[in-house]
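Read the structure below first, then the notes.
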Amino acid sequence: MTKIIHLIRHAEGFHQLPRDHPNALVRDPCLTTTGIIQSGQFNQRFPYHSCTDLLCASPLRRTIQTASLAFEPEIRRGLKILALADAQESSDAPCDTGSDVYKLVSEFGTILDVSLLHEGWYEKNGINSSSVDALWERAIRLRRFLRERPEQNIVLVSHGTFAHYITEHVDPKGHQTGEYWRNVMWRTYSFSSEEDADAKLFETDESIHRHTKR
């Protein structure tokens, strides 16, 4: 079977509001009311809920919230949201800096699987730094992890900038070369080869056709 990766950018978060909004500059912001509505609308139009057998998200609050609302049918049938530190956003700004594991567990409870998170997972150093080399390395490591999972239909909720690294739409200086990822934008990928060391992805024909029709 061909392994499928559905990559989704989170819905609108408070960090996307004008900077004079009191919640625009807080650390690890949650979704706005608009973001909650966007997630619910995505839930209604996503056609592959019954096929999804792994639900993953960046451990930031806005991505976890998006996953919990947009993929509520998966959670209702027993899937948990697997928090993956390698899927977090690229910058070291407060809005892209996550929360302690105990805070995430307190807020999201049993729907969140934090088994792969370590304390301080959000510290922006080493492979989690905002350097272009570190971002490339983290994207490769994330893709390898997903390729090695036994599940065949995987959902990953991540972030607009880091999605360009996951899909390799970034030039050597870190400038984005692909289409801008809008809120709750969704594209579908598969792996180019089981032997490829970088676990590169290619967009499926169905996904290309879906976006061409817009």
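Chain labels run A, B, ... following the order of the structure tokens; each chain numbers its residues from 1, and ligands are numbered from 1 in the order shown.
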
Per-residue nearest contacts segment 29-108 of chain A to segment 4-8 of chain A, cut-off 10 Å, using only C-alpha atoms, as a tab-separated table:
```
residue	atom	partner	partner_atom	distance
A:Tyr48	CA	A:His6	CA	9.5
A:Thr52	CA	A:His6	CA	9.2
A:Leu54	CA	A:Ile5	CA	9.6
A:Leu55	CA	A:His6	CA	9.7
A:Cys56	CA	A:Leu7	CA	9.7
A:Ala57	CA	A:Ile8	CA	9.3
A:Thr63	CA	A:Ile8	CA	9.3
A:Thr66	CA	A:Ile8	CA	9.3
A:Ala67	CA	A:Ile8	CA	9.2
```

For the selection you just gave me, I'd like the residues written to a file as a PDB file, in the first residue's frame, keeping C-alpha atoms.
```pdb
ATOM      1  CA  TYR A  48     -10.881  10.776   4.571  1.00  0.00           C
ATOM      2  CA  THR A  52      -6.977   8.063   8.876  1.00  0.00           C
ATOM      3  CA  LEU A  54      -2.470   8.155  12.636  1.00  0.00           C
ATOM      4  CA  LEU A  55      -3.185  11.719  13.787  1.00  0.00           C
ATOM      5  CA  CYS A  56      -0.123  13.888  14.499  1.00  0.00           C
ATOM      6  CA  ALA A  57       0.371  17.534  15.359  1.00  0.00           C
ATOM      7  CA  THR A  63      -2.046  22.997  16.088  1.00  0.00           C
ATOM      8  CA  THR A  66      -6.933  22.484  15.167  1.00  0.00           C
ATOM      9  CA  ALA A  67      -6.359  18.724  15.186  1.00  0.00           C
TER      10      ALA A  67
END
```

Once you count only C-alpha atoms, what closest atom pair and distance in Å to one decimal does each residue of segment 51-125 of chain A within 9 Å of segment 40-44 of chain A have, with rows by chain and rising residue number, as a Markdown table?
```
| residue | atom | partner | partner_atom | distance |
| --- | --- | --- | --- | --- |
| A:Thr66 | CA | A:Gly40 | CA | 8.7 |
| A:Leu69 | CA | A:Gly40 | CA | 5.9 |
| A:Ala70 | CA | A:Asn43 | CA | 4.3 |
| A:Phe71 | CA | A:Asn43 | CA | 6.0 |
| A:Glu72 | CA | A:Asn43 | CA | 7.3 |
| A:Pro73 | CA | A:Asn43 | CA | 8.2 |
```

Expected file: the selected residues, N, CA, C and O atoms, as a PDB file, in the first residue's frame:
```pdb
ATOM      1  N   THR A  66      -6.459  22.731  16.528  1.00  0.00           N
ATOM      2  CA  THR A  66      -6.933  22.484  15.167  1.00  0.00           C
ATOM      3  C   THR A  66      -7.171  20.990  14.943  1.00  0.00           C
ATOM      4  O   THR A  66      -8.215  20.586  14.413  1.00  0.00           O
ATOM      5  N   LEU A  69     -10.340  19.648  16.727  1.00  0.00           N
ATOM      6  CA  LEU A  69     -11.622  20.080  16.157  1.00  0.00           C
ATOM      7  C   LEU A  69     -11.809  19.597  14.720  1.00  0.00           C
ATOM      8  O   LEU A  69     -12.884  19.128  14.351  1.00  0.00           O
ATOM      9  N   ALA A  70     -10.762  19.701  13.922  1.00  0.00           N
ATOM     10  CA  ALA A  70     -10.872  19.322  12.515  1.00  0.00           C
ATOM     11  C   ALA A  70     -10.946  17.815  12.327  1.00  0.00           C
ATOM     12  O   ALA A  70     -11.506  17.340  11.339  1.00  0.00           O
ATOM     13  N   PHE A  71     -10.382  17.068  13.288  1.00  0.00           N
ATOM     14  CA  PHE A  71     -10.367  15.608  13.180  1.00  0.00           C
ATOM     15  C   PHE A  71     -11.076  14.960  14.370  1.00  0.00           C
ATOM     16  O   PHE A  71     -10.676  13.920  14.872  1.00  0.00           O
ATOM     17  N   GLU A  72     -12.173  15.593  14.752  1.00  0.00           N
ATOM     18  CA  GLU A  72     -12.990  15.075  15.855  1.00  0.00           C
ATOM     19  C   GLU A  72     -13.512  13.666  15.593  1.00  0.00           C
ATOM     20  O   GLU A  72     -13.569  12.846  16.532  1.00  0.00           O
ATOM     21  N   PRO A  73     -13.879  13.302  14.350  1.00  0.00           N
ATOM     22  CA  PRO A  73     -14.329  11.913  14.123  1.00  0.00           C
ATOM     23  C   PRO A  73     -13.250  10.881  14.446  1.00  0.00           C
ATOM     24  O   PRO A  73     -13.556   9.803  14.968  1.00  0.00           O
TER      25      PRO A  73
END
```

Just the number, please: distance in Å from atom CA of Lys103 of chain A to atom CA of Leu60 of chain A, one decimal.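 Calculated distance between atom CA of Lys103 of chain A and atom CA of Leu60 of chain A is 11.1 Å.
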
Which residue is closest to Ile111 of chain A? Choose from A:Asn153, A:Gln65, A:Ser99, A:Gln88 and count only C-alpha atoms. A:Gln65

Could you tell me which of A:Glu195, A:Asp53, A:Glu12, A:Asp113 comes closest to Arg149 of chain A if we count only C-alpha atoms?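 Smallest distance to Arg149 of chain A is found for A:Asp53.
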
Excluding Ala93 of chain A and any residue of its chain fewer than 2 positions from it, enumerate the residues within 10 Å of it, using only C-alpha atoms, and give them as a PDB file with N, CA and C atoms, in the first residue's frame.
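Produced file out_25.pdb, reproduced below:
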```
ATOM      1  N   LEU A  25       0.759  38.899  20.933  1.00  0.00           N
ATOM      2  CA  LEU A  25       2.179  38.645  21.172  1.00  0.00           C
ATOM      3  C   LEU A  25       2.431  37.659  22.310  1.00  0.00           C
ATOM      4  N   VAL A  26       1.412  36.946  22.744  1.00  0.00           N
ATOM      5  CA  VAL A  26       1.593  36.015  23.856  1.00  0.00           C
ATOM      6  C   VAL A  26       2.312  34.760  23.382  1.00  0.00           C
ATOM      7  N   ARG A  27       2.920  34.068  24.340  1.00  0.00           N
ATOM      8  CA  ARG A  27       3.580  32.805  24.020  1.00  0.00           C
ATOM      9  C   ARG A  27       2.544  31.712  23.764  1.00  0.00           C
ATOM     10  N   ASP A  28       2.801  30.887  22.766  1.00  0.00           N
ATOM     11  CA  ASP A  28       1.993  29.704  22.439  1.00  0.00           C
ATOM     12  C   ASP A  28       0.497  30.033  22.418  1.00  0.00           C
ATOM     13  N   GLU A  89       6.860  25.045  14.753  1.00  0.00           N
ATOM     14  CA  GLU A  89       7.160  26.127  13.826  1.00  0.00           C
ATOM     15  C   GLU A  89       8.628  26.527  13.913  1.00  0.00           C
ATOM     16  N   SER A  90       9.065  27.299  12.937  1.00  0.00           N
ATOM     17  CA  SER A  90      10.496  27.488  12.697  1.00  0.00           C
ATOM     18  C   SER A  90      11.158  28.577  13.535  1.00  0.00           C
ATOM     19  N   SER A  91      10.446  29.637  13.893  1.00  0.00           N
ATOM     20  CA  SER A  91      11.108  30.776  14.526  1.00  0.00           C
ATOM     21  C   SER A  91      11.195  30.612  16.039  1.00  0.00           C
ATOM     22  N   CYS A  95       5.297  33.471  19.901  1.00  0.00           N
ATOM     23  CA  CYS A  95       4.153  32.752  19.361  1.00  0.00           C
ATOM     24  C   CYS A  95       4.529  31.363  18.856  1.00  0.00           C
ATOM     25  N   ASP A  96       5.801  31.138  18.552  1.00  0.00           N
ATOM     26  CA  ASP A  96       6.257  29.854  18.035  1.00  0.00           C
ATOM     27  C   ASP A  96       7.018  29.037  19.081  1.00  0.00           C
ATOM     28  N   THR A  97       6.929  29.467  20.331  1.00  0.00           N
ATOM     29  CA  THR A  97       7.584  28.767  21.440  1.00  0.00           C
ATOM     30  C   THR A  97       6.521  28.062  22.264  1.00  0.00           C
ATOM     31  N   LYS A 124      14.626  26.603  21.782  1.00  0.00           N
ATOM     32  CA  LYS A 124      15.036  26.862  20.408  1.00  0.00           C
ATOM     33  C   LYS A 124      16.556  26.839  20.262  1.00  0.00           C
ATOM     34  N   SER A 130      16.400  28.190  14.800  1.00  0.00           N
ATOM     35  CA  SER A 130      15.773  28.748  13.606  1.00  0.00           C
ATOM     36  C   SER A 130      16.745  28.872  12.438  1.00  0.00           C
TER      37      SER A 130
END
```

DSSP alpha helix (DSSP H) residues within segment 10-160 of chain A, as JSON, numbers by chain: {"A": [33, 34, 35, 36, 37, 38, 39, 40, 41, 42, 43, 44, 45, 61, 62, 63, 64, 65, 66, 67, 68, 69, 70, 72, 73, 74, 75, 76, 101, 102, 103, 104, 105, 106, 107, 108, 132, 133, 134, 135, 136, 137, 138, 139, 140, 141, 142, 143, 144, 145, 146, 147, 148, 160]}

For Pro59 of chain A, which residue out of A:His169, A:His15, A:His159, A:Arg187 is the nearest one, using only C-alpha atoms? A:His159

With only C-alpha atoms as the basis for distance, which of A:Leu117, A:Arg9, A:Asp86, A:Leu79 is at the shortest distance from Cys51 of chain A?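 Nearest candidate to Cys51 of chain A out of A:Leu117, A:Arg9, A:Asp86, A:Leu79: A:Leu79.
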
Hey, which of A:Ile75, A:Ala163, A:Val155, A:Ala87 ends up closest to Arg138 of chain A? Count only C-alpha atoms. A:Ala87

Do a neighbour search on segment 200-213 of chain A at 9 Å with only C-alpha atoms, toss out local chain neighbours closer than 3 positions, and write the hits as a VMD selection string. chain A and resid 4 to 5 140 143 to 144 166 to 168 186 to 193 196 to 197

Which one of A:Phe14, A:Phe46, A:Trp136, A:Trp121 sits closest to Arg62 of chain A if you count only C-alpha atoms?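 For Arg62 of chain A, the nearest of the given residues is A:Phe14.
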
Can you tell me how far atom CA of Glu123 of chain A sits from atom CA of Arg182 of chain A, in Å to one decimal?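 Result for atom CA of Glu123 of chain A versus atom CA of Arg182 of chain A: 26.2 Å, one decimal.
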
Excluding His175 of chain A and any residue of its chain fewer than 6 positions from it, enumerate the residues within 12 Å of it, using only C-alpha atoms, and give them as a PyMOL selection string. chain A and resi 132+161-162+164-165+168-169

Those residues with C-alpha atoms, as an mmCIF file, in the first residue's frame please?
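Output contents, as saved in selection-v7.cif:
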```cif
data_model
loop_
_atom_site.group_PDB
_atom_site.id
_atom_site.type_symbol
_atom_site.label_atom_id
_atom_site.label_comp_id
_atom_site.auth_asym_id
_atom_site.auth_seq_id
_atom_site.Cartn_x
_atom_site.Cartn_y
_atom_site.Cartn_z
ATOM 1 C CA VAL A 132 18.222 27.089 7.888
ATOM 2 C CA THR A 161 6.608 28.293 7.366
ATOM 3 C CA PHE A 162 7.784 24.851 8.434
ATOM 4 C CA HIS A 164 7.783 24.665 3.204
ATOM 5 C CA TYR A 165 10.688 22.745 4.730
ATOM 6 C CA GLU A 168 11.165 21.225 0.240
ATOM 7 C CA HIS A 169 9.793 24.467 -1.124
#
```

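Atom pair atom CA of Leu82 of chain A / atom CA of Leu112 of chain A has a distance of 6.3 Å (rounded to one decimal).
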
Segment 6-145 of chain A: which residues are strand (DSSP E or B) by DSSP, as a PyMOL selection string? chain A and resi 6-9+13+31+54-57+81-83+112-113

Just-selected residues, all heavy atoms written as an mmCIF file, in the first residue's frame:
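The result, stored in result.cif:
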```cif
data_model
loop_
_atom_site.group_PDB
_atom_site.id
_atom_site.type_symbol
_atom_site.label_atom_id
_atom_site.label_comp_id
_atom_site.auth_asym_id
_atom_site.auth_seq_id
_atom_site.Cartn_x
_atom_site.Cartn_y
_atom_site.Cartn_z
ATOM 1 N N HIS A 6 -1.371 13.512 4.803
ATOM 2 C CA HIS A 6 -2.186 14.711 4.653
ATOM 3 C C HIS A 6 -1.574 15.795 5.543
ATOM 4 O O HIS A 6 -1.569 15.666 6.772
ATOM 5 C CB HIS A 6 -3.630 14.450 5.076
ATOM 6 C CG HIS A 6 -4.329 13.411 4.255
ATOM 7 N ND1 HIS A 6 -4.645 13.595 2.923
ATOM 8 C CD2 HIS A 6 -4.791 12.173 4.591
ATOM 9 C CE1 HIS A 6 -5.267 12.523 2.472
ATOM 10 N NE2 HIS A 6 -5.376 11.646 3.454
ATOM 11 N N LEU A 7 -1.031 16.828 4.926
ATOM 12 C CA LEU A 7 -0.380 17.918 5.659
ATOM 13 C C LEU A 7 -1.319 19.114 5.704
ATOM 14 O O LEU A 7 -1.798 19.574 4.654
ATOM 15 C CB LEU A 7 0.931 18.288 4.978
ATOM 16 C CG LEU A 7 1.761 19.418 5.595
ATOM 17 C CD1 LEU A 7 2.152 19.082 7.040
ATOM 18 C CD2 LEU A 7 3.004 19.683 4.747
ATOM 19 N N ILE A 8 -1.576 19.618 6.910
ATOM 20 C CA ILE A 8 -2.532 20.718 7.113
ATOM 21 C C ILE A 8 -1.871 21.817 7.939
ATOM 22 O O ILE A 8 -1.187 21.528 8.930
ATOM 23 C CB ILE A 8 -3.805 20.221 7.849
ATOM 24 C CG1 ILE A 8 -4.506 19.137 7.042
ATOM 25 C CG2 ILE A 8 -4.765 21.371 8.127
ATOM 26 C CD1 ILE A 8 -4.179 17.737 7.500
ATOM 27 N N ARG A 9 -2.065 23.038 7.525
ATOM 28 C CA ARG A 9 -1.660 24.154 8.376
ATOM 29 C C ARG A 9 -2.769 24.424 9.380
ATOM 30 O O ARG A 9 -3.954 24.280 9.079
ATOM 31 C CB ARG A 9 -1.414 25.420 7.553
ATOM 32 C CG ARG A 9 -0.848 26.553 8.410
ATOM 33 C CD ARG A 9 -0.918 27.901 7.727
ATOM 34 N NE ARG A 9 -0.401 28.945 8.607
ATOM 35 C CZ ARG A 9 -0.553 30.242 8.391
ATOM 36 N NH1 ARG A 9 -1.210 30.662 7.317
ATOM 37 N NH2 ARG A 9 -0.059 31.124 9.243
ATOM 38 N N GLY A 13 -4.717 31.640 14.532
ATOM 39 C CA GLY A 13 -4.353 31.827 15.938
ATOM 40 C C GLY A 13 -4.283 33.300 16.286
ATOM 41 O O GLY A 13 -4.239 34.168 15.400
ATOM 42 N N LEU A 31 -6.263 29.233 19.332
ATOM 43 C CA LEU A 31 -7.040 29.661 18.168
ATOM 44 C C LEU A 31 -7.968 30.817 18.518
ATOM 45 O O LEU A 31 -8.463 30.923 19.637
ATOM 46 C CB LEU A 31 -7.889 28.503 17.642
ATOM 47 C CG LEU A 31 -7.173 27.284 17.080
ATOM 48 C CD1 LEU A 31 -8.199 26.279 16.563
ATOM 49 C CD2 LEU A 31 -6.181 27.655 15.985
ATOM 50 N N LEU A 54 -3.418 7.494 11.740
ATOM 51 C CA LEU A 54 -2.470 8.155 12.636
ATOM 52 C C LEU A 54 -2.721 9.649 12.540
ATOM 53 O O LEU A 54 -2.728 10.223 11.444
ATOM 54 C CB LEU A 54 -1.023 7.830 12.266
ATOM 55 C CG LEU A 54 0.048 8.481 13.152
ATOM 56 C CD1 LEU A 54 -0.039 7.971 14.591
ATOM 57 C CD2 LEU A 54 1.453 8.243 12.586
ATOM 58 N N LEU A 55 -2.910 10.286 13.695
ATOM 59 C CA LEU A 55 -3.185 11.719 13.787
ATOM 60 C C LEU A 55 -2.055 12.373 14.559
ATOM 61 O O LEU A 55 -1.845 12.070 15.733
ATOM 62 C CB LEU A 55 -4.530 11.948 14.480
ATOM 63 C CG LEU A 55 -4.987 13.391 14.730
ATOM 64 C CD1 LEU A 55 -5.023 14.180 13.433
ATOM 65 C CD2 LEU A 55 -6.362 13.383 15.407
ATOM 66 N N CYS A 56 -1.293 13.242 13.888
ATOM 67 C CA CYS A 56 -0.123 13.888 14.499
ATOM 68 C C CYS A 56 -0.279 15.400 14.449
ATOM 69 O O CYS A 56 -0.964 15.942 13.578
ATOM 70 C CB CYS A 56 1.155 13.517 13.747
ATOM 71 S SG CYS A 56 1.461 11.763 13.531
ATOM 72 N N ALA A 57 0.390 16.073 15.365
ATOM 73 C CA ALA A 57 0.371 17.534 15.359
ATOM 74 C C ALA A 57 1.627 18.070 16.023
ATOM 75 O O ALA A 57 2.208 17.431 16.906
ATOM 76 C CB ALA A 57 -0.861 18.077 16.093
ATOM 77 N N ILE A 81 -4.016 12.372 19.522
ATOM 78 C CA ILE A 81 -3.164 13.297 18.770
ATOM 79 C C ILE A 81 -1.727 13.080 19.234
ATOM 80 O O ILE A 81 -1.385 13.384 20.385
ATOM 81 C CB ILE A 81 -3.577 14.753 18.999
ATOM 82 C CG1 ILE A 81 -5.039 14.973 18.597
ATOM 83 C CG2 ILE A 81 -2.662 15.699 18.221
ATOM 84 C CD1 ILE A 81 -5.602 16.309 19.067
ATOM 85 N N LEU A 82 -0.896 12.542 18.368
ATOM 86 C CA LEU A 82 0.499 12.296 18.704
ATOM 87 C C LEU A 82 1.280 13.594 18.527
ATOM 88 O O LEU A 82 1.413 14.109 17.408
ATOM 89 C CB LEU A 82 1.079 11.204 17.811
ATOM 90 C CG LEU A 82 2.544 10.834 18.041
ATOM 91 C CD1 LEU A 82 2.749 10.287 19.458
ATOM 92 C CD2 LEU A 82 3.014 9.819 17.008
ATOM 93 N N ALA A 83 1.797 14.139 19.624
ATOM 94 C CA ALA A 83 2.527 15.400 19.579
ATOM 95 C C ALA A 83 3.964 15.151 19.133
ATOM 96 O O ALA A 83 4.692 14.367 19.754
ATOM 97 C CB ALA A 83 2.515 16.058 20.957
ATOM 98 N N LEU A 112 -4.451 13.767 23.942
ATOM 99 C CA LEU A 112 -3.107 14.126 23.494
ATOM 100 C C LEU A 112 -2.105 13.084 23.970
ATOM 101 O O LEU A 112 -2.019 12.765 25.153
ATOM 102 C CB LEU A 112 -2.728 15.506 24.037
ATOM 103 C CG LEU A 112 -1.379 16.061 23.572
ATOM 104 C CD1 LEU A 112 -1.382 16.290 22.065
ATOM 105 C CD2 LEU A 112 -1.059 17.367 24.305
ATOM 106 N N ASP A 113 -1.326 12.554 23.048
ATOM 107 C CA ASP A 113 -0.259 11.595 23.345
ATOM 108 C C ASP A 113 1.060 12.353 23.386
ATOM 109 O O ASP A 113 1.564 12.818 22.355
ATOM 110 C CB ASP A 113 -0.230 10.516 22.257
ATOM 111 C CG ASP A 113 0.838 9.455 22.494
ATOM 112 O OD1 ASP A 113 1.671 9.630 23.404
ATOM 113 O OD2 ASP A 113 0.850 8.450 21.747
#
```
